[in-house]
Amino acid sequence: MPESSFFRPALAKMLPYTPGEQPAPGKTVKLNTNENPYPPPKAVVEAIQHAATGAINRYPDPVATAFRRAAADALGLPGPEWILAGNGSDEILTMLVRGFVGEGQRLRLPYPSYILYRTLADIQGADWEQVAFEDGWKLPAAFGKTENDVRLVFLPNPNSPSGTVVPPAEIEQLASTMTCPLVVDEAYA
C-alpha cells in the first residue's frame, strides 16, 4: 500500500512546501522573512536570560490568562475572552482556518499575499480564492463581496510582499459588508 494512501485526500494532492532561498550568512538581510539586521538590544537578551532561570520545567498557563487580561485592558476590551493567544501568528491563523473553513468552503485573500493562507486552506480540503489588487495596490470591490461559501477573509495589513496598507476606514467598510469574519493580519506591522 503506498504511503500516500494513509493521508487524507486533501493532503495527498498537495505539493510539498518549497522554502524560500536562504543565502549564506553574511551581509544579506531577508526583509521578506522579517529578519532584523541588528542584534537584539541588551535588555532583550537580559529578559531572555532571566526567563530561562525561571520555572521552565513546568508548562505555562495553557490559555495565557495573565497575558489575555493585560491585552484586554490595554486594548480597552470587555475582558480576556476577546483575546486569542497562540504560539505565534501562524498558529493563530491555523486555528482560525480550522475553526471557520470546512471542506469545500472558501477562504478569500488578496493577491499577491502570504502563501501560508492558501496552504492552510489546502490542508483543510477547503478552496481559496485570490482577489488581485488593482493598479496602485488598491483592493477591488470584489474583495468585499458577499458569497455564502466564503467562510473567512484574510487581509494582511501591511501586506506581504507589497507592503500595502489598507486604511482603517476602508477596513471598517469591508467588515460592514461581509457576512463572514474578516481577519486583519498585522504580523508585519
# chains A, B, ... in the order shown; residues from 1 in each chain; ligands from 1
$ residues_around --residues "Pro167 of chain A" --least-positions-apart "5" --cutoff "10 Å" --atoms "only C-alpha atoms" --output "mmCIF file with C-alpha atoms, in the first residue's frame"
data_model
loop_
_atom_site.group_PDB
_atom_site.id
_atom_site.type_symbol
_atom_site.label_atom_id
_atom_site.label_comp_id
_atom_site.auth_asym_id
_atom_site.auth_seq_id
_atom_site.Cartn_x
_atom_site.Cartn_y
_atom_site.Cartn_z
ATOM 1 C CA ASN A 157 -2.108 44.738 6.666
ATOM 2 C CA PRO A 158 0.542 45.681 5.764
ATOM 3 C CA GLU A 172 -14.313 49.095 8.624
#
$ residues_around --residues "segment 4-14 of chain A" --least-positions-apart "5" --cutoff "7 Å" --atoms "only C-alpha atoms" --output "compact mmCIF listing (two decimals) with C-alpha atoms, in the first residue's frame"
# COMPACT_ATOMS: atom_id res chain seq x y z
CA ASP A 122 -5.44 23.19 1.24
CA ILE A 123 -4.77 21.27 4.46
CA GLN A 124 -8.45 21.67 5.39
CA GLY A 125 -9.61 20.45 1.98
$ residues_around --residues "Gln130 of chain A" --least-positions-apart "6" --cutoff "10 Å" --atoms "only C-alpha atoms" --output "PyMOL selection string"
chain A and resi 107-113+118+143
$ write_last_selection --atoms "N, CA, C and O atoms" --output "compact mmCIF listing (two decimals), in the first residue's frame"
# COMPACT_ATOMS: atom_id res chain seq x y z
N LEU A 107 -11.91 30.28 1.42
CA LEU A 107 -11.15 31.31 2.13
C LEU A 107 -10.78 32.35 1.07
O LEU A 107 -10.38 31.99 -0.03
N ARG A 108 -10.94 33.61 1.39
CA ARG A 108 -10.58 34.68 0.43
C ARG A 108 -9.37 35.43 0.95
O ARG A 108 -9.23 35.68 2.14
N LEU A 109 -8.51 35.83 0.00
CA LEU A 109 -7.32 36.60 0.33
C LEU A 109 -6.94 37.46 -0.86
O LEU A 109 -7.31 37.18 -1.98
N PRO A 110 -6.19 38.54 -0.60
CA PRO A 110 -5.73 39.35 -1.72
C PRO A 110 -4.56 38.67 -2.42
O PRO A 110 -3.93 37.76 -1.88
N TYR A 111 -4.27 39.11 -3.64
CA TYR A 111 -3.13 38.57 -4.39
C TYR A 111 -2.29 39.72 -4.94
O TYR A 111 -2.86 40.64 -5.52
N PRO A 112 -0.98 39.64 -4.77
CA PRO A 112 -0.21 38.62 -4.07
C PRO A 112 -0.33 38.80 -2.56
O PRO A 112 -0.64 39.88 -2.08
N SER A 113 -0.06 37.71 -1.84
CA SER A 113 -0.20 37.76 -0.39
C SER A 113 0.58 36.63 0.25
O SER A 113 1.26 35.86 -0.43
N ARG A 118 -3.09 30.09 1.72
CA ARG A 118 -3.52 29.06 0.75
C ARG A 118 -3.21 27.66 1.28
O ARG A 118 -4.02 26.75 1.14
N PHE A 143 -13.33 42.21 -3.55
CA PHE A 143 -12.75 41.66 -2.32
C PHE A 143 -13.78 41.63 -1.19
O PHE A 143 -13.75 40.74 -0.35
$ atom_distance --atom1 "atom CA of Asp127 of chain A" --atom2 "atom CA of Val153 of chain A"
12.1 Å
$ residues_around --residues "Glu186 of chain A" --least-positions-apart "4" --cutoff "10 Å" --atoms "only C-alpha atoms" --output "PyMOL selection string"
chain A and resi 89+155-159+165
$ write_last_selection --atoms "all heavy atoms" --output "mmCIF file, in the first residue's frame"
data_model
loop_
_atom_site.group_PDB
_atom_site.id
_atom_site.type_symbol
_atom_site.label_atom_id
_atom_site.label_comp_id
_atom_site.auth_asym_id
_atom_site.auth_seq_id
_atom_site.Cartn_x
_atom_site.Cartn_y
_atom_site.Cartn_z
ATOM 1 N N SER A 89 1.834 33.947 15.226
ATOM 2 C CA SER A 89 0.677 34.241 14.382
ATOM 3 C C SER A 89 0.298 33.069 13.479
ATOM 4 O O SER A 89 -0.878 32.877 13.174
ATOM 5 C CB SER A 89 0.919 35.504 13.555
ATOM 6 O OG SER A 89 2.038 35.353 12.712
ATOM 7 N N LEU A 155 -6.950 39.558 5.451
ATOM 8 C CA LEU A 155 -6.418 40.803 4.919
ATOM 9 C C LEU A 155 -5.116 41.127 5.656
ATOM 10 O O LEU A 155 -5.145 41.656 6.764
ATOM 11 C CB LEU A 155 -7.421 41.946 5.101
ATOM 12 C CG LEU A 155 -6.943 43.324 4.638
ATOM 13 C CD1 LEU A 155 -6.608 43.332 3.146
ATOM 14 C CD2 LEU A 155 -7.983 44.383 4.961
ATOM 15 N N PRO A 156 -3.976 40.758 5.067
ATOM 16 C CA PRO A 156 -2.712 41.125 5.704
ATOM 17 C C PRO A 156 -2.507 42.628 5.570
ATOM 18 O O PRO A 156 -2.663 43.181 4.488
ATOM 19 C CB PRO A 156 -1.669 40.333 4.913
ATOM 20 C CG PRO A 156 -2.307 40.049 3.598
ATOM 21 C CD PRO A 156 -3.787 40.034 3.820
ATOM 22 N N ASN A 157 -2.193 43.281 6.678
ATOM 23 C CA ASN A 157 -2.108 44.738 6.666
ATOM 24 C C ASN A 157 -1.034 45.210 7.646
ATOM 25 O O ASN A 157 -1.293 45.230 8.842
ATOM 26 C CB ASN A 157 -3.472 45.316 7.047
ATOM 27 C CG ASN A 157 -3.619 46.764 6.642
ATOM 28 O OD1 ASN A 157 -3.233 47.143 5.558
ATOM 29 N ND2 ASN A 157 -4.189 47.570 7.511
ATOM 30 N N PRO A 158 0.152 45.566 7.168
ATOM 31 C CA PRO A 158 0.542 45.681 5.764
ATOM 32 C C PRO A 158 0.670 44.313 5.101
ATOM 33 O O PRO A 158 0.931 43.318 5.755
ATOM 34 C CB PRO A 158 1.883 46.402 5.802
ATOM 35 C CG PRO A 158 2.388 46.249 7.188
ATOM 36 C CD PRO A 158 1.218 46.007 8.074
ATOM 37 N N ASN A 159 0.460 44.334 3.790
ATOM 38 C CA ASN A 159 0.509 43.115 3.012
ATOM 39 C C ASN A 159 1.952 42.674 2.795
ATOM 40 O O ASN A 159 2.853 43.496 2.670
ATOM 41 C CB ASN A 159 -0.161 43.347 1.651
ATOM 42 C CG ASN A 159 -0.262 42.073 0.838
ATOM 43 O OD1 ASN A 159 -0.673 41.038 1.332
ATOM 44 N ND2 ASN A 159 0.114 42.154 -0.417
ATOM 45 N N VAL A 165 -0.770 49.105 2.667
ATOM 46 C CA VAL A 165 -1.510 49.339 3.901
ATOM 47 C C VAL A 165 -2.917 49.802 3.537
ATOM 48 O O VAL A 165 -3.082 50.753 2.781
ATOM 49 C CB VAL A 165 -0.808 50.397 4.788
ATOM 50 C CG1 VAL A 165 -1.656 50.718 6.007
ATOM 51 C CG2 VAL A 165 0.570 49.915 5.198
#
$ atom_distance --atom1 "atom CA of Gln173 of chain A" --atom2 "atom CA of Glu103 of chain A"
28.5 Å
$ residues_around --residues "Arg106 of chain A" --least-positions-apart "5" --cutoff "6 Å" --atoms "only C-alpha atoms" --output "ChimeraX atom specification"
/A:126-128,149-151
$ write_last_selection --atoms "N, CA, C and O atoms" --output "short mmCIF file (atom, residue, chain, number, x, y, z; two decimals), in the first residue's frame"
data_model
loop_
_atom_site.label_atom_id
_atom_site.label_comp_id
_atom_site.auth_asym_id
_atom_site.auth_seq_id
_atom_site.Cartn_x
_atom_site.Cartn_y
_atom_site.Cartn_z
N ALA A 126 -10.22 22.77 1.87
CA ALA A 126 -11.05 23.93 1.50
C ALA A 126 -10.50 24.55 0.22
O ALA A 126 -9.38 24.25 -0.21
N ASP A 127 -11.29 25.40 -0.36
CA ASP A 127 -10.85 26.15 -1.54
C ASP A 127 -10.38 27.52 -1.09
O ASP A 127 -10.76 27.99 -0.03
N TRP A 128 -9.56 28.14 -1.90
CA TRP A 128 -9.15 29.51 -1.62
C TRP A 128 -9.34 30.32 -2.88
O TRP A 128 -9.28 29.81 -3.98
N ASP A 149 -20.41 30.65 0.37
CA ASP A 149 -19.37 29.65 0.61
C ASP A 149 -18.04 30.26 1.03
O ASP A 149 -17.10 29.54 1.34
N VAL A 150 -17.94 31.59 1.07
CA VAL A 150 -16.75 32.25 1.62
C VAL A 150 -16.96 32.33 3.12
O VAL A 150 -17.85 33.01 3.60
N ARG A 151 -16.14 31.60 3.85
CA ARG A 151 -16.32 31.48 5.28
C ARG A 151 -15.38 32.35 6.10
O ARG A 151 -15.59 32.57 7.28
#
$ select_by_dssp --residues "segment 38-165 of chain A" --states "alpha helix (DSSP H)" --output "number ranges by chain"
A: 42-52, 65-75, 89-100, 116-124
$ closest_residue --among "A:Gly144, A:Gly99, A:Gly88, A:Pro40" --to "Ile171 of chain A" --atoms "only C-alpha atoms"
A:Gly144
$ select_by_dssp --residues "segment 81-180 of chain A" --states "strand (DSSP E)" --output "list in words"
Arg106, Leu107, Arg108, Leu109, Pro110, Tyr111, Asp127, Trp128, Glu129, Gln130, Val131, Ala132, Val150, Arg151, Leu152, Val153, Phe154, Leu155 and Pro156 of chain A
$ residues_around --residues "Asn148 of chain A" --least-positions-apart "5" --cutoff "10 Å" --atoms "only C-alpha atoms" --output "NGL selection string"
:A and (105-106 or 179-180)
$ closest_residue --among "A:Thr18, A:Thr146, A:Thr94, A:Thr28" --to "Ala121 of chain A" --atoms "only C-alpha atoms"
A:Thr94
$ closest_residue --among "A:Ala141, A:Ala52, A:Ala85, A:Ala189" --to "Phe67 of chain A" --atoms "only C-alpha atoms"
A:Ala85
$ atom_distance --atom1 "atom CA of Ala132 of chain A" --atom2 "atom CA of Asp185 of chain A"
17.4 Å
$ closest_residue --among "A:Ala71, A:Tyr188, A:Gly54, A:Tyr117" --to "Glu35 of chain A" --atoms "only C-alpha atoms"
A:Tyr188
$ decode --residues "segment 7-38 of chain A" --atoms "N, CA and C atoms" --output "PDB file, in the first residue's frame"
ATOM      1  N   PHE A   7      -2.816   9.295   3.957  1.00  0.00           N
ATOM      2  CA  PHE A   7      -3.175  10.695   4.167  1.00  0.00           C
ATOM      3  C   PHE A   7      -4.588  10.980   3.693  1.00  0.00           C
ATOM      4  N   ARG A   8      -5.202  11.983   4.290  1.00  0.00           N
ATOM      5  CA  ARG A   8      -6.496  12.446   3.800  1.00  0.00           C
ATOM      6  C   ARG A   8      -6.319  12.897   2.354  1.00  0.00           C
ATOM      7  N   PRO A   9      -7.336  12.763   1.521  1.00  0.00           N
ATOM      8  CA  PRO A   9      -7.208  13.142   0.110  1.00  0.00           C
ATOM      9  C   PRO A   9      -6.722  14.590  -0.088  1.00  0.00           C
ATOM     10  N   ALA A  10      -7.180  15.497   0.774  1.00  0.00           N
ATOM     11  CA  ALA A  10      -6.762  16.900   0.630  1.00  0.00           C
ATOM     12  C   ALA A  10      -5.253  17.045   0.802  1.00  0.00           C
ATOM     13  N   LEU A  11      -4.665  16.253   1.696  1.00  0.00           N
ATOM     14  CA  LEU A  11      -3.219  16.332   1.921  1.00  0.00           C
ATOM     15  C   LEU A  11      -2.450  15.597   0.831  1.00  0.00           C
ATOM     16  N   ALA A  12      -2.971  14.461   0.381  1.00  0.00           N
ATOM     17  CA  ALA A  12      -2.281  13.667  -0.628  1.00  0.00           C
ATOM     18  C   ALA A  12      -2.105  14.432  -1.941  1.00  0.00           C
ATOM     19  N   LYS A  13      -3.035  15.330  -2.255  1.00  0.00           N
ATOM     20  CA  LYS A  13      -2.929  16.058  -3.524  1.00  0.00           C
ATOM     21  C   LYS A  13      -2.110  17.349  -3.412  1.00  0.00           C
ATOM     22  N   MET A  14      -1.680  17.699  -2.199  1.00  0.00           N
ATOM     23  CA  MET A  14      -0.892  18.924  -2.019  1.00  0.00           C
ATOM     24  C   MET A  14       0.547  18.732  -2.490  1.00  0.00           C
ATOM     25  N   LEU A  15       1.105  19.768  -3.067  1.00  0.00           N
ATOM     26  CA  LEU A  15       2.521  19.763  -3.410  1.00  0.00           C
ATOM     27  C   LEU A  15       3.326  20.074  -2.152  1.00  0.00           C
ATOM     28  N   PRO A  16       4.505  19.501  -2.002  1.00  0.00           N
ATOM     29  CA  PRO A  16       5.302  19.812  -0.812  1.00  0.00           C
ATOM     30  C   PRO A  16       5.726  21.271  -0.799  1.00  0.00           C
ATOM     31  N   TYR A  17       5.905  21.793   0.394  1.00  0.00           N
ATOM     32  CA  TYR A  17       6.346  23.173   0.576  1.00  0.00           C
ATOM     33  C   TYR A  17       7.784  23.332   0.091  1.00  0.00           C
ATOM     34  N   THR A  18       8.024  24.393  -0.655  1.00  0.00           N
ATOM     35  CA  THR A  18       9.377  24.711  -1.092  1.00  0.00           C
ATOM     36  C   THR A  18       9.785  25.990  -0.376  1.00  0.00           C
ATOM     37  N   PRO A  19      10.730  25.898   0.563  1.00  0.00           N
ATOM     38  CA  PRO A  19      11.131  27.100   1.293  1.00  0.00           C
ATOM     39  C   PRO A  19      11.840  28.098   0.384  1.00  0.00           C
ATOM     40  N   GLY A  20      11.771  29.355   0.767  1.00  0.00           N
ATOM     41  CA  GLY A  20      12.462  30.403   0.022  1.00  0.00           C
ATOM     42  C   GLY A  20      13.974  30.258   0.147  1.00  0.00           C
ATOM     43  N   GLU A  21      14.655  30.964  -0.676  1.00  0.00           N
ATOM     44  CA  GLU A  21      16.121  30.916  -0.677  1.00  0.00           C
ATOM     45  C   GLU A  21      16.673  31.383   0.666  1.00  0.00           C
ATOM     46  N   GLN A  22      17.642  30.669   1.162  1.00  0.00           N
ATOM     47  CA  GLN A  22      18.317  31.033   2.402  1.00  0.00           C
ATOM     48  C   GLN A  22      19.778  31.326   2.069  1.00  0.00           C
ATOM     49  N   PRO A  23      20.114  32.589   1.844  1.00  0.00           N
ATOM     50  CA  PRO A  23      21.502  32.911   1.491  1.00  0.00           C
ATOM     51  C   PRO A  23      22.450  32.577   2.644  1.00  0.00           C
ATOM     52  N   ALA A  24      23.686  32.325   2.288  1.00  0.00           N
ATOM     53  CA  ALA A  24      24.696  32.029   3.300  1.00  0.00           C
ATOM     54  C   ALA A  24      24.816  33.218   4.253  1.00  0.00           C
ATOM     55  N   PRO A  25      25.157  32.942   5.518  1.00  0.00           N
ATOM     56  CA  PRO A  25      25.319  34.049   6.478  1.00  0.00           C
ATOM     57  C   PRO A  25      26.303  35.088   5.939  1.00  0.00           C
ATOM     58  N   GLY A  26      25.985  36.314   6.192  1.00  0.00           N
ATOM     59  CA  GLY A  26      26.826  37.402   5.702  1.00  0.00           C
ATOM     60  C   GLY A  26      26.096  38.716   5.799  1.00  0.00           C
ATOM     61  N   LYS A  27      26.172  39.490   4.744  1.00  0.00           N
ATOM     62  CA  LYS A  27      25.596  40.830   4.764  1.00  0.00           C
ATOM     63  C   LYS A  27      24.172  40.893   4.228  1.00  0.00           C
ATOM     64  N   THR A  28      23.644  39.773   3.761  1.00  0.00           N
ATOM     65  CA  THR A  28      22.291  39.760   3.207  1.00  0.00           C
ATOM     66  C   THR A  28      21.259  39.756   4.339  1.00  0.00           C
ATOM     67  N   VAL A  29      20.254  40.617   4.214  1.00  0.00           N
ATOM     68  CA  VAL A  29      19.146  40.659   5.168  1.00  0.00           C
ATOM     69  C   VAL A  29      17.878  40.390   4.371  1.00  0.00           C
ATOM     70  N   LYS A  30      17.151  39.342   4.744  1.00  0.00           N
ATOM     71  CA  LYS A  30      15.927  38.984   4.045  1.00  0.00           C
ATOM     72  C   LYS A  30      14.750  39.696   4.704  1.00  0.00           C
ATOM     73  N   LEU A  31      14.343  40.807   4.157  1.00  0.00           N
ATOM     74  CA  LEU A  31      13.232  41.561   4.735  1.00  0.00           C
ATOM     75  C   LEU A  31      11.906  40.817   4.601  1.00  0.00           C
ATOM     76  N   ASN A  32      11.785  39.958   3.573  1.00  0.00           N
ATOM     77  CA  ASN A  32      10.525  39.242   3.382  1.00  0.00           C
ATOM     78  C   ASN A  32      10.287  38.176   4.449  1.00  0.00           C
ATOM     79  N   THR A  33      11.292  37.858   5.249  1.00  0.00           N
ATOM     80  CA  THR A  33      11.099  36.896   6.329  1.00  0.00           C
ATOM     81  C   THR A  33      11.178  37.572   7.694  1.00  0.00           C
ATOM     82  N   ASN A  34      11.058  38.886   7.689  1.00  0.00           N
ATOM     83  CA  ASN A  34      11.012  39.664   8.921  1.00  0.00           C
ATOM     84  C   ASN A  34      12.299  39.563   9.730  1.00  0.00           C
ATOM     85  N   GLU A  35      13.427  39.391   9.039  1.00  0.00           N
ATOM     86  CA  GLU A  35      14.707  39.351   9.729  1.00  0.00           C
ATOM     87  C   GLU A  35      15.143  40.760  10.078  1.00  0.00           C
ATOM     88  N   ASN A  36      16.004  40.845  11.060  1.00  0.00           N
ATOM     89  CA  ASN A  36      16.491  42.132  11.535  1.00  0.00           C
ATOM     90  C   ASN A  36      18.001  42.172  11.345  1.00  0.00           C
ATOM     91  N   PRO A  37      18.532  43.243  10.750  1.00  0.00           N
ATOM     92  CA  PRO A  37      19.983  43.302  10.541  1.00  0.00           C
ATOM     93  C   PRO A  37      20.764  43.622  11.815  1.00  0.00           C
ATOM     94  N   TYR A  38      20.069  43.951  12.885  1.00  0.00           N
ATOM     95  CA  TYR A  38      20.739  44.365  14.124  1.00  0.00           C
ATOM     96  C   TYR A  38      20.603  43.293  15.193  1.00  0.00           C
TER      97      TYR A  38
END
